[in-house]
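> Quick one: structure below, then a few questions.
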4 protein chains.
Amino acid sequence: MEDVQNHTPSVPMHIDRVGCRGMKLPMLVRDREKGIQQTIATIDVGVDLPSSFKGTHMSRFVEALREWNEDVSYASLKRLLVDVKRRLGAQRAWTRFSFPYFMTKAAPATCSSAQMSYDCRLTGELDANGKQNFLLEIWVPVMTVCPCSKAISREGAHSQRALVYMSVRMNAFIWLEDFIEIAERSGSSPVYTLLKREDEKYVTEHAFSEPVFVEDVVRNVAQQLAGHEHITWFSVEVESMESIHNHSAFARIEQDLETGGEQESERE
Amino acid sequence: MEDVQNHTPSVPMHIDRVGCRGMKLPMLVRDREKGIQQTIATIDVGVDLPSSFKGTHMSRFVEALREWNEDVSYASLKRLLVDVKRRLGAQRAWTRFSFPYFMTKAAPATCSSAQMSYDCRLTGELDANGKQNFLLEIWVPVMTVCPCSKAISREGAHSQRALVYMSVRMNAFIWLEDFIEIAERSGSSPVYTLLKREDEKYVTEHAFSEPVFVEDVVRNVAQQLAGHEHITWFSVEVESMESIHNHSAFARIEQDLETGGEQESERE
Amino acid sequence: MEDVQNHTPSVPMHIDRVGCRGMKLPMLVRDREKGIQQTIATIDVGVDLPSSFKGTHMSRFVEALREWNEDVSYASLKRLLVDVKRRLGAQRAWTRFSFPYFMTKAAPATCSSAQMSYDCRLTGELDANGKQNFLLEIWVPVMTVCPCSKAISREGAHSQRALVYMSVRMNAFIWLEDFIEIAERSGSSPVYTLLKREDEKYVTEHAFSEPVFVEDVVRNVAQQLAGHEHITWFSVEVESMESIHNHSAFARIEQDLETGGEQESERE
Amino acid sequence: MEDVQNHTPSVPMHIDRVGCRGMKLPMLVRDREKGIQQTIATIDVGVDLPSSFKGTHMSRFVEALREWNEDVSYASLKRLLVDVKRRLGAQRAWTRFSFPYFMTKAAPATCSSAQMSYDCRLTGELDANGKQNFLLEIWVPVMTVCPCSKAISREGAHSQRALVYMSVRMNAFIWLEDFIEIAERSGSSPVYTLLKREDEKYVTEHAFSEPVFVEDVVRNVAQQLAGHEHITWFSVEVESMESIHNHSAFARIEQDLETGGEQESERE
């Protein structure tokens, strides 16, 4: 049967990345408390393609994923990427796993516990020299109470849910829970799935004693990430779904800790 | 050229509705202040299809829309539906326009004004007897301050953005602005695009003097819709993006004002 | 501590449904092949609220879900609803679980197998008399080849992915897999996660030998649902992401099999 | 009234960008045929913030946008950014406008015309030295017919809608229409809003005479962008919503035409 993919393309240009996007699979990930937890990942996977080939072989990505069948970790993702490179005859391989991660949280006063989910994304790339590159992204909701509103008003202050987005590169393993905790202590209060009345009183009073702008939250998170021994680069963005507006406030800080100092934000 | 659509289908079953979904077009709608405003509508349009025809003629929906070329109103939508019925040789015709609607709002203290957009959806149907049926839907963001949090806490109260969804049937024209105003006076405060510091103080203090549950908001809106002389049926749903949780609270009330009394909610 | 929820509301109106929306939890569902499979559900849960109470007690919904802790089934959902009614002192209780469901599918020529996910939604309601009402919804992607394009063109025919949406009420248990199979034999071809070249040839040739309009697909599905001994009501909608347009074609049929005959589609 | 924003922050860190996100406004953009067209833009705007200030002044972004009130162009966006820098006392200013752009297209055989919309995004940044940087992004749907499926099958070939995403930096003005046309001649066929039967025949036959992989499309687009005298950098990504799968195929090429040669894709 003809292998059209191996034909010469009419435009002989190297393709940076070609592959499959949006496959869903059940997946196991490491859990600090329970050792392992099951989740569902949406997966993208791709390779580069030399200018001499018309097409890649898409079914091999699916086969590589099917055979792989490991818990998600840096080591196992590297094995997947090595296998993908080999199956596709490629120089570079790349993959991205997006999944919700569950953590059991105790309410602050009654200690009633319930599960909460956090969106995560793990991206891995293996270059032509076998050098690997990983990026971890995680989104953590928190509560913010506005310091300006509190200072100028006779009573109250507007509060809202804000989303802390962290994107990090590391030189050693760090638990997802560590990042969740960094974000949750950077707002006016963490948010919870289950709060009894005593907890709601605690959260309200605690949050009002710690009013923060979106600027404060992004700095609080950045300071902790910058001080972490195993983080080599990070970008933090906080988006606050303002309760007094129909739009959001946002703030972002990016730092390359290898080259040192604060980073000019990217051009775009 | 063969007209496959006119063939006999292998399964001779009447189709309730068949058509096109998701076409985008610039559109003019009536504006209480300016007479007319331009927006962009996402449009669905369909008809029924007798059991004797294999397919409908999709391009005729697009032609009907192109020729129609009117401002959006009940009268003009009826003309569109009459034309669609005729072009398609159908018994019934149906269409749905989804669009953002802009309104200029003045901040409560400084009166600084800015535009705010509200998502709207207008659905029209013309049945076999030429009887028309219209449904207007509109989504209005408001602010809510939690009465429980306020009552039990030494200081403060959590607040958040909530979305009021109204779905109404009417027997006479009502301005979109009227529905926006009904929703905006039913929460703890309206939300605004532009607020200077004096306005933020006003909104905070005003909102804290009017704490409401999602249940209060839905009742406040329902009471006003139930008392409106031109509304024959409505459904209201309020969703509050709780600042202390990562999930929402919601409440809904539906009433058929022609049959009278409160309505059992639909089965599903 | 004050229970503001028990206060008298300023607008004494019965609320049809009030509760929590958008909580995510790991969940087990019944699987025809493996007995059980793990997934992640997004959950809404609510009750009615009499006109004499200002608010419901939101944390009790979360507690009911936490204590429930069963596999998803009609029987277990009923137990959840009974418990929710009791905890909240309500007349009626309602819940909705949305989750992806995985099924292993073999490619048609090589029999290479891979998992595919299907979005499902199960809604249950328990009314004042303890009568329960369940609605199952499932979305199944298929491939369609256009019969008109095929008949009029010298070569080829446009094809695309289409999404079959089924909403059903039943009087006995039916496997999710049965609905998936009904939809997959109603298009030009099922779609697959893994196809080797022999499979792609098979799928292409098979699909081109079975060209169908969106109208044919909706009728093919409706005929099978109407003939199923345990289905009492259904609605089917097919949306085809036309490869020659940037909009979709859609068709829907709804039938109440208890009252008999074809159903007028709902007003809106 | 206290200006909390001017306080000293507890973490004295420079913030790369802080501002407002998700404001919607009616907007005028330049149109090659009609001179000008009205659309609706979703707007983000931000500035950097020195380590000595606790917060930025969010309302000034809204005021800048309100006063600006110009048609969207490179020159007018620069004026907006200069004004934002001045109002906020910032070193750098940044803005992003996302909007649908409409173009009237004639069907290939009957020349029946109808409007089609294309999603666009324009991002501008002004740095500390007043140097400006613009990025234009545009999404164009096309049709692809699979060359492999065509070569190996006795009859037919699967086709689908694919989305061409172009991101470009330029040193002179280029019409949006030029990019739309580049993308539309790079697939098997453009897609249309209105096609009569003669047109559907034409599109089908034309598309089947030009089968392309997602790899071919990305190369066809990249070749044209690379050869354009006013483009200094580009990234193209094509995503094909495979009609035989429930996932997509994608391919991307990025080139910096100032430094010359093909670009290693970014790390992540």
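By order of appearance in the structure tokens: chains A, B, ..., then residues from 1 within every chain, and ligands from 1 in the order shown.
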Taking a cut-off of 8 Å and counting only C-alpha atoms, can you build a table that, for each residue of chain D near chain A, reports the nearest atom pair and how far apart they are in Å (one decimal), sorted by chain then residue number, as JSON lines?


{"residue": "D:Met1", "atom": "CA", "partner": "A:Ile152", "partner_atom": "CA", "distance": 6.5}
{"residue": "D:Glu2", "atom": "CA", "partner": "A:Ile152", "partner_atom": "CA", "distance": 6.4}
{"residue": "D:Asp3", "atom": "CA", "partner": "A:Cys148", "partner_atom": "CA", "distance": 7.3}
{"residue": "D:Val4", "atom": "CA", "partner": "A:Cys148", "partner_atom": "CA", "distance": 5.4}
{"residue": "D:Gln5", "atom": "CA", "partner": "A:Cys148", "partner_atom": "CA", "distance": 7.2}
{"residue": "D:Pro9", "atom": "CA", "partner": "A:Asp216", "partner_atom": "CA", "distance": 7.2}
{"residue": "D:Ser10", "atom": "CA", "partner": "A:Asp216", "partner_atom": "CA", "distance": 7.9}
{"residue": "D:Val11", "atom": "CA", "partner": "A:Arg219", "partner_atom": "CA", "distance": 6.1}
{"residue": "D:Pro12", "atom": "CA", "partner": "A:Arg219", "partner_atom": "CA", "distance": 7.9}
{"residue": "D:Met13", "atom": "CA", "partner": "A:Arg219", "partner_atom": "CA", "distance": 6.4}
{"residue": "D:His14", "atom": "CA", "partner": "A:Glu262", "partner_atom": "CA", "distance": 7.6}
{"residue": "D:Ile15", "atom": "CA", "partner": "A:Ile253", "partner_atom": "CA", "distance": 5.4}
{"residue": "D:Asp16", "atom": "CA", "partner": "A:Ile253", "partner_atom": "CA", "distance": 5.2}
{"residue": "D:Arg17", "atom": "CA", "partner": "A:Arg252", "partner_atom": "CA", "distance": 5.4}
{"residue": "D:Val18", "atom": "CA", "partner": "A:Ala251", "partner_atom": "CA", "distance": 4.0}
{"residue": "D:Gly19", "atom": "CA", "partner": "A:Phe250", "partner_atom": "CA", "distance": 5.5}
{"residue": "D:Cys20", "atom": "CA", "partner": "A:Ala249", "partner_atom": "CA", "distance": 4.6}
{"residue": "D:Arg21", "atom": "CA", "partner": "A:Ser248", "partner_atom": "CA", "distance": 5.0}
{"residue": "D:Gly22", "atom": "CA", "partner": "A:His247", "partner_atom": "CA", "distance": 5.2}
{"residue": "D:Met23", "atom": "CA", "partner": "A:His247", "partner_atom": "CA", "distance": 5.6}
{"residue": "D:Lys54", "atom": "CA", "partner": "A:Glu215", "partner_atom": "CA", "distance": 7.0}
{"residue": "D:Gly55", "atom": "CA", "partner": "A:Glu215", "partner_atom": "CA", "distance": 6.0}
{"residue": "D:Met58", "atom": "CA", "partner": "A:Ala249", "partner_atom": "CA", "distance": 7.8}
{"residue": "D:Thr123", "atom": "CA", "partner": "A:Glu268", "partner_atom": "CA", "distance": 6.8}
{"residue": "D:Gly124", "atom": "CA", "partner": "A:Glu268", "partner_atom": "CA", "distance": 7.5}
{"residue": "D:Glu125", "atom": "CA", "partner": "A:Glu268", "partner_atom": "CA", "distance": 7.2}
{"residue": "D:Asn133", "atom": "CA", "partner": "A:Arg267", "partner_atom": "CA", "distance": 7.2}
{"residue": "D:Phe134", "atom": "CA", "partner": "A:Glu268", "partner_atom": "CA", "distance": 7.7}
{"residue": "D:Leu135", "atom": "CA", "partner": "A:Glu268", "partner_atom": "CA", "distance": 6.8}
{"residue": "D:Pro147", "atom": "CA", "partner": "A:Val4", "partner_atom": "CA", "distance": 7.0}
{"residue": "D:Cys148", "atom": "CA", "partner": "A:Val4", "partner_atom": "CA", "distance": 5.5}
{"residue": "D:Ala151", "atom": "CA", "partner": "A:Glu2", "partner_atom": "CA", "distance": 7.0}
{"residue": "D:Ile152", "atom": "CA", "partner": "A:Glu2", "partner_atom": "CA", "distance": 6.4}
{"residue": "D:Phe213", "atom": "CA", "partner": "A:Gly55", "partner_atom": "CA", "distance": 6.9}
{"residue": "D:Glu215", "atom": "CA", "partner": "A:Gly55", "partner_atom": "CA", "distance": 6.0}
{"residue": "D:Asp216", "atom": "CA", "partner": "A:Lys54", "partner_atom": "CA", "distance": 7.1}
{"residue": "D:Arg219", "atom": "CA", "partner": "A:Val11", "partner_atom": "CA", "distance": 6.1}
{"residue": "D:Asn220", "atom": "CA", "partner": "A:Val11", "partner_atom": "CA", "distance": 6.7}
{"residue": "D:Gln223", "atom": "CA", "partner": "A:Val11", "partner_atom": "CA", "distance": 7.4}
{"residue": "D:Asn246", "atom": "CA", "partner": "A:Met23", "partner_atom": "CA", "distance": 7.6}
{"residue": "D:His247", "atom": "CA", "partner": "A:Gly22", "partner_atom": "CA", "distance": 5.1}
{"residue": "D:Ser248", "atom": "CA", "partner": "A:Arg21", "partner_atom": "CA", "distance": 5.0}
{"residue": "D:Ala249", "atom": "CA", "partner": "A:Cys20", "partner_atom": "CA", "distance": 4.6}
{"residue": "D:Phe250", "atom": "CA", "partner": "A:Gly19", "partner_atom": "CA", "distance": 5.5}
{"residue": "D:Ala251", "atom": "CA", "partner": "A:Val18", "partner_atom": "CA", "distance": 4.0}
{"residue": "D:Arg252", "atom": "CA", "partner": "A:Arg17", "partner_atom": "CA", "distance": 5.4}
{"residue": "D:Ile253", "atom": "CA", "partner": "A:Asp16", "partner_atom": "CA", "distance": 5.2}
{"residue": "D:Glu254", "atom": "CA", "partner": "A:Asp16", "partner_atom": "CA", "distance": 7.1}
{"residue": "D:Glu262", "atom": "CA", "partner": "A:His14", "partner_atom": "CA", "distance": 7.5}
{"residue": "D:Gln263", "atom": "CA", "partner": "A:Asp16", "partner_atom": "CA", "distance": 8.0}
{"residue": "D:Glu264", "atom": "CA", "partner": "A:Asp16", "partner_atom": "CA", "distance": 6.8}
{"residue": "D:Ser265", "atom": "CA", "partner": "A:Asp16", "partner_atom": "CA", "distance": 5.6}
{"residue": "D:Arg267", "atom": "CA", "partner": "A:Asn133", "partner_atom": "CA", "distance": 7.3}
{"residue": "D:Glu268", "atom": "CA", "partner": "A:Thr123", "partner_atom": "CA", "distance": 6.8}

> Taking the DSSP secondary structure from the backbone, can you list the residues of range 18-247 of chain D that are strand (DSSP E), as a count of residues only?

95

> I need the residues in range 29-135 of chain B that are alpha helix (DSSP H) according to DSSP; give them as a PyMOL selection string.

chain B and resi 58-68+74-88

> Measure the distance from CA of Val72 in chain B to CA of Ser235 in chain B in Å and round it to one decimal.

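Separation between CA of Val72 in chain B and CA of Ser235 in chain B: 22.8 Å.
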
> Calculate how many Å separate CA of His206 in chain B from CA of His158 in chain B, rounding to one decimal.

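Computing the Euclidean distance for CA of His206 in chain B and CA of His158 in chain B yields 14.4 Å.
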
> Which distance in Å separates CA of His228 in chain C and CA of Tyr101 in chain C, to one decimal?

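These atoms are spaced 22.0 Å apart.
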